[in-house]
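Structure file upload_14.pdb (PDB, C-alpha atoms and all ligand atoms) is printed below.
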ATOM      1  CA  MET A   1     -18.149  27.109  13.906
ATOM      2  CA  LYS A   2     -17.313  23.384  13.957
ATOM      3  CA  GLN A   3     -13.988  22.321  12.483
ATOM      4  CA  ILE A   4     -12.547  19.101  11.173
ATOM      5  CA  SER A   5      -8.832  18.814  10.568
ATOM      6  CA  PHE A   6      -7.432  17.459   7.342
ATOM      7  CA  SER A   7      -5.508  14.773   9.246
ATOM      8  CA  GLY A   8      -8.669  13.711  11.131
ATOM      9  CA  LEU A   9     -10.572  13.510   7.893
ATOM     10  CA  MET A  10      -7.876  11.391   6.210
ATOM     11  CA  THR A  11      -7.796   9.120   9.253
ATOM     12  CA  TYR A  12     -11.540   8.523   8.906
ATOM     13  CA  ILE A  13     -11.185   7.850   5.168
ATOM     14  CA  ARG A  14      -8.441   5.259   5.811
ATOM     15  CA  CYS A  15     -10.050   3.654   8.863
ATOM     16  CA  PRO A  16     -13.199   4.899  10.652
ATOM     17  CA  GLU A  17     -12.420   2.698  13.677
ATOM     18  CA  HIS A  18      -9.006   4.281  14.000
ATOM     19  CA  TYR A  19     -10.765   7.678  14.051
ATOM     20  CA  LEU A  20     -13.036   6.479  16.864
ATOM     21  CA  PHE A  21     -10.153   5.256  19.037
ATOM     22  CA  HIS A  22      -7.928   8.284  18.552
ATOM     23  CA  TYR A  23     -10.133  11.303  17.867
ATOM     24  CA  VAL A  24     -13.264  10.374  19.821
ATOM     25  CA  LEU A  25     -11.835   8.392  22.732
ATOM     26  CA  GLY A  26      -8.436  10.085  22.798
ATOM     27  CA  VAL A  27      -6.234   6.977  22.825
ATOM     28  CA  VAL A  28      -2.629   7.884  21.972
ATOM     29  CA  LYS A  29      -1.521   7.169  18.416
ATOM     30  CA  SER A  30       0.494   3.980  18.139
ATOM     31  CA  PRO A  31       4.146   4.973  17.935
ATOM     32  CA  ARG A  32       6.127   3.637  14.992
ATOM     33  CA  LYS A  33       9.748   4.220  14.123
ATOM     34  CA  VAL A  34       8.851   4.569  10.480
ATOM     35  CA  PHE A  35       6.512   7.488  11.241
ATOM     36  CA  LYS A  36       9.306   9.245  13.151
ATOM     37  CA  HIS A  37      11.640   8.661  10.213
ATOM     38  CA  GLY A  38       9.098  10.149   7.778
ATOM     39  CA  PHE A  39       8.535  13.059  10.145
ATOM     40  CA  ALA A  40      12.288  13.819  10.353
ATOM     41  CA  LEU A  41      12.653  13.780   6.557
ATOM     42  CA  HIS A  42       9.587  15.980   6.207
ATOM     43  CA  GLU A  43      10.877  18.429   8.806
ATOM     44  CA  THR A  44      14.284  18.570   7.086
ATOM     45  CA  LEU A  45      12.822  19.331   3.674
ATOM     46  CA  GLN A  46      10.367  21.838   5.133
ATOM     47  CA  TYR A  47      13.277  23.733   6.711
ATOM     48  CA  HIS A  48      15.184  23.547   3.432
ATOM     49  CA  PHE A  49      12.200  24.924   1.458
ATOM     50  CA  GLU A  50      11.754  27.796   3.930
ATOM     51  CA  GLN A  51      15.438  28.709   3.588
ATOM     52  CA  LYS A  52      15.365  28.334  -0.183
ATOM     53  CA  LYS A  53      12.373  30.633  -0.384
ATOM     54  CA  GLU A  54      14.325  33.265   1.550
ATOM     55  CA  ASP A  55      17.769  33.066  -0.024
ATOM     56  CA  GLY A  56      17.193  31.158  -3.281
ATOM     57  CA  ASN A  57      19.544  28.318  -2.249
ATOM     58  CA  GLY A  58      18.355  26.682   0.936
ATOM     59  CA  LEU A  59      20.461  24.086   2.737
ATOM     60  CA  LYS A  60      23.437  22.290   1.247
ATOM     61  CA  LEU A  61      23.060  18.519   1.076
ATOM     62  CA  VAL A  62      25.419  17.929   3.992
ATOM     63  CA  GLU A  63      23.525  20.469   6.138
ATOM     64  CA  ALA A  64      20.229  18.822   5.306
ATOM     65  CA  GLN A  65      21.671  15.423   6.234
ATOM     66  CA  GLU A  66      22.916  16.735   9.588
ATOM     67  CA  PHE A  67      19.543  18.341  10.249
ATOM     68  CA  PHE A  68      17.807  15.041   9.451
ATOM     69  CA  VAL A  69      20.013  12.990  11.793
ATOM     70  CA  GLU A  70      19.372  15.411  14.658
ATOM     71  CA  SER A  71      15.650  15.622  13.988
ATOM     72  CA  PHE A  72      15.351  11.813  13.785
ATOM     73  CA  GLY A  73      17.295  11.483  17.063
ATOM     74  CA  ASN A  74      14.883  13.855  18.828
ATOM     75  CA  ALA A  75      11.890  12.081  17.333
ATOM     76  CA  LEU A  76      13.204   8.740  18.587
ATOM     77  CA  GLU A  77      13.395  10.142  22.121
ATOM     78  CA  GLU A  78       9.696  11.012  21.861
ATOM     79  CA  TYR A  79       9.067   7.570  20.387
ATOM     80  CA  LYS A  80      10.486   5.884  23.505
ATOM     81  CA  GLN A  81       8.133   7.830  25.781
ATOM     82  CA  GLU A  82       5.146   7.247  23.531
ATOM     83  CA  LEU A  83       5.917   3.534  23.389
ATOM     84  CA  GLU A  84       5.866   3.315  27.178
ATOM     85  CA  GLN A  85       2.496   5.098  27.287
ATOM     86  CA  ALA A  86       1.006   2.888  24.603
ATOM     87  CA  ARG A  87       2.559  -0.414  25.723
ATOM     88  CA  PRO A  88      -0.501  -1.656  27.674
ATOM     89  CA  PHE A  89      -2.651  -1.807  24.570
ATOM     90  CA  LEU A  90      -0.082  -2.957  22.002
ATOM     91  CA  THR A  91       0.177  -6.607  20.978
ATOM     92  CA  ARG A  92       3.326  -8.709  21.419
ATOM     93  CA  GLU A  93       3.542  -9.031  17.627
ATOM     94  CA  TYR A  94       3.445  -5.251  17.134
ATOM     95  CA  LEU A  95       6.158  -4.682  19.740
ATOM     96  CA  SER A  96       8.346  -7.393  18.272
ATOM     97  CA  LYS A  97       8.049  -5.938  14.763
ATOM     98  CA  GLU A  98       9.037  -2.513  16.102
ATOM     99  CA  ARG A  99      12.020  -3.962  17.995
ATOM    100  CA  ASN A 100      13.359  -5.586  14.829
ATOM    101  CA  ILE A 101      13.467  -2.339  12.860
ATOM    102  CA  LYS A 102      17.093  -1.171  12.803
ATOM    103  CA  VAL A 103      17.626   2.545  13.423
ATOM    104  CA  GLY A 104      21.051   2.450  11.686
ATOM    105  CA  ASP A 105      19.430   1.222   8.463
ATOM    106  CA  MET A 106      16.820   3.959   8.697
ATOM    107  CA  ILE A 107      19.503   6.621   9.021
ATOM    108  CA  ASP A 108      21.321   5.229   5.957
ATOM    109  CA  THR A 109      18.174   5.212   3.833
ATOM    110  CA  GLY A 110      17.277   8.728   5.006
ATOM    111  CA  LEU A 111      20.712  10.067   4.036
ATOM    112  CA  GLN A 112      20.499   8.325   0.657
ATOM    113  CA  GLY A 113      16.970   9.632   0.104
ATOM    114  CA  LEU A 114      18.071  13.209   0.749
ATOM    115  CA  GLU A 115      21.034  12.825  -1.610
ATOM    116  CA  THR A 116      18.708  11.595  -4.342
ATOM    117  CA  TYR A 117      16.240  14.410  -3.715
ATOM    118  CA  PHE A 118      18.934  17.074  -3.833
ATOM    119  CA  LYS A 119      20.369  15.670  -7.083
ATOM    120  CA  ARG A 120      17.227  14.831  -8.994
ATOM    121  CA  LEU A 121      14.460  17.183  -7.879
ATOM    122  CA  ASN A 122      15.790  20.105  -5.891
ATOM    123  CA  PRO A 123      17.279  22.034  -8.849
ATOM    124  CA  TYR A 124      13.847  22.183 -10.525
ATOM    125  CA  ILE A 125      11.719  23.421  -7.609
ATOM    126  CA  GLU A 126      11.422  27.047  -6.495
ATOM    127  CA  PRO A 127       9.228  27.066  -3.365
ATOM    128  CA  ASP A 128       6.448  29.580  -2.945
ATOM    129  CA  LEU A 129       4.055  28.562  -0.140
ATOM    130  CA  VAL A 130       5.613  26.308   2.510
ATOM    131  CA  GLU A 131       3.397  24.548   5.069
ATOM    132  CA  ALA A 132       0.685  27.084   4.335
ATOM    133  CA  SER A 133      -2.477  26.828   6.466
ATOM    134  CA  PHE A 134      -5.842  26.742   4.771
ATOM    135  CA  ALA A 135      -9.424  26.784   6.023
ATOM    136  CA  PHE A 136     -12.557  26.634   3.939
ATOM    137  CA  ALA A 137     -16.253  26.269   4.663
ATOM    138  CA  VAL A 138     -17.686  22.860   3.872
ATOM    139  CA  ARG A 139     -21.215  24.086   4.635
ATOM    140  CA  PRO A 140     -22.571  26.727   7.051
ATOM    141  CA  ASN A 141     -20.924  26.258  10.472
ATOM    142  CA  LEU A 142     -18.482  23.579   9.319
ATOM    143  CA  GLU A 143     -14.896  24.293   8.290
ATOM    144  CA  LEU A 144     -12.060  22.070   7.055
ATOM    145  CA  VAL A 145      -8.596  23.161   8.219
ATOM    146  CA  GLY A 146      -5.208  21.867   7.105
ATOM    147  CA  ARG A 147      -1.834  22.649   5.562
ATOM    148  CA  ILE A 148      -0.293  22.320   2.114
ATOM    149  CA  ASP A 149       3.299  20.964   2.143
ATOM    150  CA  MET A 150       4.605  23.227  -0.560
ATOM    151  CA  THR A 151       3.749  25.001  -3.798
ATOM    152  CA  ASP A 152       6.201  26.288  -6.367
ATOM    153  CA  THR A 153       6.423  29.681  -8.018
ATOM    154  CA  LYS A 154       4.646  28.268 -11.100
ATOM    155  CA  GLY A 155       1.527  27.619  -9.010
ATOM    156  CA  VAL A 156       1.972  23.825  -8.814
ATOM    157  CA  ILE A 157       1.064  22.082  -5.543
ATOM    158  CA  HIS A 158       3.654  19.505  -4.396
ATOM    159  CA  GLU A 159       2.902  16.712  -2.018
ATOM    160  CA  LEU A 160       6.124  15.066  -0.959
ATOM    161  CA  LYS A 161       6.025  11.480   0.278
ATOM    162  CA  THR A 162       8.641   8.967   1.316
ATOM    163  CA  THR A 163       8.038   5.295   0.631
ATOM    164  CA  ARG A 164       9.933   2.015   0.582
ATOM    165  CA  VAL A 165       7.901   0.444  -2.200
ATOM    166  CA  THR A 166       7.960   1.928  -5.692
ATOM    167  CA  PRO A 167       4.479   3.298  -6.385
ATOM    168  CA  ASN A 168       3.176   2.030  -9.719
ATOM    169  CA  THR A 169       0.435   3.499 -11.845
ATOM    170  CA  GLN A 170      -1.198   5.310  -9.014
ATOM    171  CA  ASP A 171      -3.808   7.672 -10.369
ATOM    172  CA  VAL A 172      -3.479  10.967  -8.542
ATOM    173  CA  ARG A 173      -6.497  12.307 -10.327
ATOM    174  CA  THR A 174      -8.761  10.292  -8.023
ATOM    175  CA  ASP A 175      -6.793  11.026  -4.844
ATOM    176  CA  PRO A 176      -9.129  12.836  -2.384
ATOM    177  CA  GLN A 177      -6.143  14.311  -0.559
ATOM    178  CA  LEU A 178      -4.962  16.208  -3.619
ATOM    179  CA  ALA A 179      -8.465  17.352  -4.473
ATOM    180  CA  ILE A 180      -8.688  18.908  -0.982
ATOM    181  CA  TYR A 181      -5.302  20.584  -1.428
ATOM    182  CA  GLN A 182      -6.540  22.127  -4.628
ATOM    183  CA  VAL A 183      -9.556  23.678  -2.871
ATOM    184  CA  GLY A 184      -7.249  24.729   0.000
ATOM    185  CA  TYR A 185      -4.856  26.417  -2.460
ATOM    186  CA  GLN A 186      -7.685  28.411  -3.950
ATOM    187  CA  SER A 187      -8.832  29.502  -0.484
ATOM    188  CA  ILE A 188      -5.315  30.837   0.281
ATOM    189  CA  THR A 189      -4.404  32.487  -3.011
ATOM    190  CA  GLY A 190      -7.804  33.188  -4.581
ATOM    191  CA  GLN A 191      -6.581  31.383  -7.722
ATOM    192  CA  ALA A 192      -6.769  27.883  -9.132
ATOM    193  CA  SER A 193      -3.508  25.920  -8.948
ATOM    194  CA  ARG A 194      -1.675  25.257 -12.229
ATOM    195  CA  GLY A 195      -1.141  21.579 -11.438
ATOM    196  CA  ILE A 196      -0.584  19.003  -8.737
ATOM    197  CA  SER A 197       2.498  16.861  -8.291
ATOM    198  CA  LYS A 198       2.855  13.915  -5.984
ATOM    199  CA  ASP A 199       6.612  13.531  -5.503
ATOM    200  CA  PHE A 200       7.805  10.253  -3.972
ATOM    201  CA  ILE A 201      11.293   9.641  -2.631
ATOM    202  CA  VAL A 202      11.587   5.868  -2.889
ATOM    203  CA  LEU A 203      13.963   4.968  -0.068
ATOM    204  CA  SER A 204      16.570   2.271  -0.392
ATOM    205  CA  LYS A 205      20.074   1.910   1.041
ATOM    206  CA  ASN A 206      21.696   1.621  -2.393
ATOM    207  CA  ASN A 207      19.190   2.714  -4.955
ATOM    208  CA  SER A 208      16.933   5.574  -3.835
ATOM    209  CA  LYS A 209      14.966   7.211  -6.623
ATOM    210  CA  ILE A 210      12.313   9.828  -7.340
ATOM    211  CA  VAL A 211       8.930   8.901  -8.780
ATOM    212  CA  ARG A 212       6.480  11.671  -9.681
ATOM    213  CA  PHE A 213       2.863  11.746 -10.698
ATOM    214  CA  ARG A 214       1.597  15.014 -12.131
ATOM    215  CA  VAL A 215      -1.820  16.158 -13.246
ATOM    216  CA  VAL A 216      -3.300  19.499 -14.183
ATOM    217  CA  ARG A 217      -6.350  18.996 -11.997
ATOM    218  CA  PRO A 218      -7.791  16.077 -10.023
ATOM    219  CA  PHE A 219     -10.858  14.121 -11.076
ATOM    220  CA  ILE A 220     -12.821  15.173  -8.029
ATOM    221  CA  ASP A 221     -14.219  18.699  -8.262
ATOM    222  CA  LYS A 222     -14.864  21.169  -5.440
ATOM    223  CA  LYS A 223     -18.562  20.290  -5.120
ATOM    224  CA  THR A 224     -17.749  16.601  -4.671
ATOM    225  CA  VAL A 225     -15.020  17.380  -2.109
ATOM    226  CA  LEU A 226     -17.416  19.473  -0.015
ATOM    227  CA  ARG A 227     -20.205  16.888  -0.266
ATOM    228  CA  ASN A 228     -17.880  14.036   0.773
ATOM    229  CA  VAL A 229     -16.434  15.945   3.737
ATOM    230  CA  ALA A 230     -19.939  16.887   4.939
ATOM    231  CA  THR A 231     -21.077  13.244   4.621
ATOM    232  CA  ILE A 232     -18.110  12.066   6.699
ATOM    233  CA  MET A 233     -18.894  14.659   9.373
ATOM    234  CA  ASP A 234     -22.509  13.456   9.479
ATOM    235  CA  ALA A 235     -21.297   9.862   9.826
ATOM    236  CA  ILE A 236     -19.017  10.861  12.728
ATOM    237  CA  GLN A 237     -21.857  12.663  14.481
ATOM    238  CA  ARG A 238     -24.047   9.565  14.081
ATOM    239  CA  ASN A 239     -21.356   7.291  15.539
ATOM    240  CA  ILE A 240     -20.719   5.371  12.320
ATOM    241  CA  PHE A 241     -17.291   3.823  12.724
ATOM    242  CA  TYR A 242     -17.305   0.551  10.805
ATOM    243  CA  CYS A 243     -14.230  -1.469   9.987
ATOM    244  CA  LEU A 244     -14.214  -1.367   6.200
ATOM    245  CA  HIS A 245     -11.193  -3.581   5.585
ATOM    246  CA  PRO A 246     -11.554  -7.116   4.257
ATOM    247  CA  ALA A 247     -11.281  -9.812   6.958
ATOM    248  CA  ASP A 248      -7.864 -10.980   5.728
ATOM    249  CA  SER A 249      -6.433  -7.468   5.268
ATOM    250  CA  TRP A 250      -2.810  -7.101   6.422
ATOM    251  CA  ILE A 251      -3.727  -3.706   7.884
ATOM    252  CA  CYS A 252      -6.047  -5.293  10.464
ATOM    253  CA  SER A 253      -3.370  -7.594  11.849
ATOM    254  CA  LYS A 254      -1.648  -7.965  15.214
ATOM    255  CA  GLU A 255       1.656  -6.865  13.661
ATOM    256  CA  TRP A 256       0.424  -3.746  11.922
ATOM    257  CA  CYS A 257      -2.490  -2.249  13.775
ATOM    258  CA  GLY A 258      -1.658  -0.490  17.033
ATOM    259  CA  TYR A 259      -5.350  -0.593  17.972
ATOM    260  CA  TYR A 260      -5.776  -4.322  17.425
ATOM    261  CA  LYS A 261      -6.742  -5.077  21.031
ATOM    262  CA  PHE A 262      -9.425  -2.360  20.994
ATOM    263  CA  HIS A 263     -10.618  -3.576  17.611
ATOM    264  CA  GLN A 264     -11.094  -7.101  18.957
ATOM    265  CA  GLU A 265     -12.847  -5.894  22.093
ATOM    266  CA  LEU A 266     -15.188  -3.663  20.096
ATOM    267  CA  LYS A 267     -16.056  -6.641  17.881
ATOM    268  CA  ARG A 268     -16.622  -8.859  20.911
ATOM    269  CA  ILE A 269     -18.769  -6.605  23.121
ATOM    270  CA  GLY A 270     -20.399  -4.335  20.499
ATOM    271  CA  PHE A 271     -20.461  -0.552  20.122
ATOM    272  CA  PRO A 272     -22.890   0.424  22.967
ATOM    273  CA  ALA A 273     -21.019  -1.595  25.608
ATOM    274  CA  PHE A 274     -17.646  -0.445  24.272
ATOM    275  CA  MET A 275     -18.639   3.222  24.469
ATOM    276  CA  ALA A 276     -20.161   2.770  27.908
ATOM    277  CA  LYS A 277     -16.848   1.317  29.053
ATOM    278  CA  TYR A 278     -14.471   3.821  27.446
ATOM    279  CA  ALA A 279     -16.418   7.064  26.896
ATOM    280  CA  GLY A 280     -18.017   7.516  30.297
ATOM    281  CA  SER A 281     -18.009  10.686  32.371
ATOM    282  CA  PRO A 282     -14.846  12.823  32.189
ATOM    283  CA  ARG A 283     -13.817  11.594  35.674
ATOM    284  CA  LYS A 284     -14.247   7.984  34.687
ATOM    285  CA  GLN A 285     -12.295   8.617  31.485
ATOM    286  CA  THR A 286      -9.366  10.203  33.319
ATOM    287  CA  ARG A 287      -9.129   7.201  35.635
ATOM    288  CA  ARG A 288      -9.380   4.714  32.822
ATOM    289  CA  TRP A 289      -7.070   6.422  30.308
ATOM    290  CA  ARG A 290      -3.889   7.015  32.229
ATOM    291  CA  TYR A 291      -2.063   7.148  28.899
ATOM    292  CA  LYS A 292      -4.577   9.317  27.100
ATOM    293  CA  THR A 293      -3.503  12.447  25.202
ATOM    294  CA  ARG A 294      -5.135  14.484  22.487
ATOM    295  CA  SER A 295      -3.225  15.666  19.426
TER     296      SER A 295
HETATM  297  S1  LIG B   1      -7.931  -3.423  13.227
HETATM  298 FE1  LIG B   1      -8.386  -2.623  11.187
HETATM  299  S2  LIG B   1     -10.352  -1.557  11.378
HETATM  300 FE2  LIG B   1      -9.547  -1.851  13.440
HETATM  301  S3  LIG B   1      -8.432   0.050  13.905
HETATM  302 FE3  LIG B   1      -6.974  -1.425  13.080
HETATM  303  S4  LIG B   1      -6.874  -1.015  10.895
HETATM  304 FE4  LIG B   1      -8.731  -0.040  11.676
END
Take the structure from the file and write it as structure tokens.
Ligand code: SF4
Amino acid sequence: MKQISFSGLMTYIRCPEHYLFHYVLGVVKSPRKVFKHGFALHETLQYHFEQKKEDGNGLKLVEAQEFFVESFGNALEEYKQELEQARPFLTREYLSKERNIKVGDMIDTGLQGLETYFKRLNPYIEPDLVEASFAFAVRPNLELVGRIDMTDTKGVIHELKTTRVTPNTQDVRTDPQLAIYQVGYQSITGQASRGISKDFIVLSKNNSKIVRFRVVRPFIDKKTVLRNVATIMDAIQRNIFYCLHPADSWICSKEWCGYYKFHQELKRIGFPAFMAKYAGSPRKQTRRWRYKTRS
């Protein structure tokens, strides 16, 4: 049975080239402090939800804040190692942007974000499933595997996100991620979810807030989810990895994209030559990719 992970699938949806570099060629993911920060907040709230499910209370705010600071500290240690591994293929602009991000400010916003979450949202959520694994067949011999952040005892799926920019009228009904969670929920519990909530903690040093988008069910039904996932798998198997961003997109810039050098080389020499250079025999690959790991 072939499998595709939810994170791999979302990577392809956001950027097929990114999928090629990381999942096909095994180049390490570009380390970013902001990802480590998001990870530490996620880990803190996950631990809190697990505890709350057990004892009905979970962590106190101050405990959650201590947990976050420790988790972020550990993640930053990993970040340093990952940065050294990735340094040869990162641009000067990317490295300079990373250097200018202040860890102290990130800790302050994280602490504020947790305080806001505990005041505004925590009293209203009773966790049921926490980081629950799902797997469902997309078609014969192809399975999608992933995890749902959390569901509550009323059968509502919660996807918790942290952001620095207030999301505006984002329509969760067309979000493919949530549509997949809904199918995943059904595969775990045998029942349809009662609703889906995308809960954002908008981080700011002085004015963190919660923004939520809730719907009963997403626009995309199960049949469409399965068809889209199968189409993406077919595209991957046929080596279709186009850059789909507009030429002037900020995402495809030296500052933001950790794969910018590969992107430029792929554009310059073309796909066959690029693959011949980087996806040769396993021995050749090991020599070439000193900093290669698979996640
Ligand atoms: S430069 Fe653009 S298309 Fe290429 S990997 Fe980066 S984000 Fe994706």
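Using all atoms listed in the file, the shortest contact distance between Asp128 of chain A and any of A:Met106, A:Val156, A:Val202, A:Val145 is found at A:Val156.
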Quiz prompt | Near-segment 161-170 of chain A list (8 Å; only C-alpha atoms; drop same-chain fewer than 5 positions) as a list of chain:residue names | solution = A:Gly38, A:Lys198, A:Asp199, A:Phe200, A:Ile201, A:Val202, A:Leu203, A:Ser204, A:Val211, A:Phe213
Quiz prompt | For ligand LIG 1 (chain B), the nearest of the candidates A:Lys33, A:Lys2, A:Lys52, A:His18, counting all atoms listed in the file | solution = A:His18
Exercise. Take the PyMOL selection byres (((not hetatm)) within 12 of (chain B and resi 1)), apply it to the structure above, and return the hits as an MDAnalysis selection string.
Key: chainID A and resid 11:22 27 29:30 90:91 94 241:267
Practice problem: To verify the selection step, state as a count of residues only which residues the PyMOL selection byres (((chain A and resi 6) around 10) and not hetatm) yields on this input. | Solution: 19
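With atom CA of Phe219 of chain A on one side and atom CA of Pro176 of chain A on the other, the separation reads 9.0 Å.
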Practice problem: Can you work out the spacing between atom CA of Ile148 of chain A and atom CA of Asp55 of chain A in Å, to one decimal? | Solution: 21.1 Å
Quiz prompt | Nearby residues (only C-alpha atoms) at most 10 Å from Val183 of chain A, same-chain spacing under 3 positions excluded, as number ranges by chain | solution = A: 134-136, 178-180, 186-188, 190-193, 221-223, 225-226
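Distance annotation: of A:Ile210, A:Ile101, A:Ile107, A:Leu45, the residue with the minimal separation from Lys119 of chain A is A:Ile210; atom set is all atoms listed in the file.
Taking atom CA of Phe118 of chain A and atom CA of Gly155 of chain A as endpoints, the distance between them is 21.0 Å.
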Quiz item: When the PyMOL selection byres (((chain A and resi 70) around 12) and not hetatm) is applied to the file above, which residues end up in the set, as a PyMOL selection string?
Solution: chain A and resi 36-37+39-41+43-44+63-69+71-77+107+110-111
Quiz item: Which polymer residues have any atom within 8 Å of an atom of Gly58 of chain A, counting only C-alpha atoms, with same-chain residues fewer than 6 positions away left out, as a ChimeraX atom specification?
Solution: /A:48-52
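Distance check against Asp234 of chain A using all atoms listed in the file: of A:Val130, A:Val138, A:Leu95, A:Pro218, the minimum falls on A:Val138.
Residue nearest Leu121 of chain A, chosen from A:Leu160, A:Met233, A:Val216, A:Ala86 and counting only C-alpha atoms: A:Leu160.
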Dump segment 54-69 of chain A with C-alpha atoms to a file, as a PDB file, in the first residue's frame.
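Just written: part.pdb:
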ATOM      1  CA  GLU A  54      -7.309  13.546  31.753  1.00  0.00           C
ATOM      2  CA  ASP A  55      -8.050  15.781  34.725  1.00  0.00           C
ATOM      3  CA  GLY A  56     -10.550  18.330  33.370  1.00  0.00           C
ATOM      4  CA  ASN A  57      -8.220  21.279  34.100  1.00  0.00           C
ATOM      5  CA  GLY A  58      -4.960  20.908  32.236  1.00  0.00           C
ATOM      6  CA  LEU A  59      -2.045  23.261  32.853  1.00  0.00           C
ATOM      7  CA  LYS A  60      -2.273  26.574  34.663  1.00  0.00           C
ATOM      8  CA  LEU A  61      -1.268  29.571  32.565  1.00  0.00           C
ATOM      9  CA  VAL A  62       2.070  29.966  34.329  1.00  0.00           C
ATOM     10  CA  GLU A  63       2.868  26.259  33.814  1.00  0.00           C
ATOM     11  CA  ALA A  64       2.012  26.510  30.143  1.00  0.00           C
ATOM     12  CA  GLN A  65       4.257  29.567  29.810  1.00  0.00           C
ATOM     13  CA  GLU A  66       7.169  27.758  31.476  1.00  0.00           C
ATOM     14  CA  PHE A  67       6.616  24.744  29.239  1.00  0.00           C
ATOM     15  CA  PHE A  68       6.629  27.008  26.170  1.00  0.00           C
ATOM     16  CA  VAL A  69       9.886  28.752  27.123  1.00  0.00           C
TER      17      VAL A  69
END
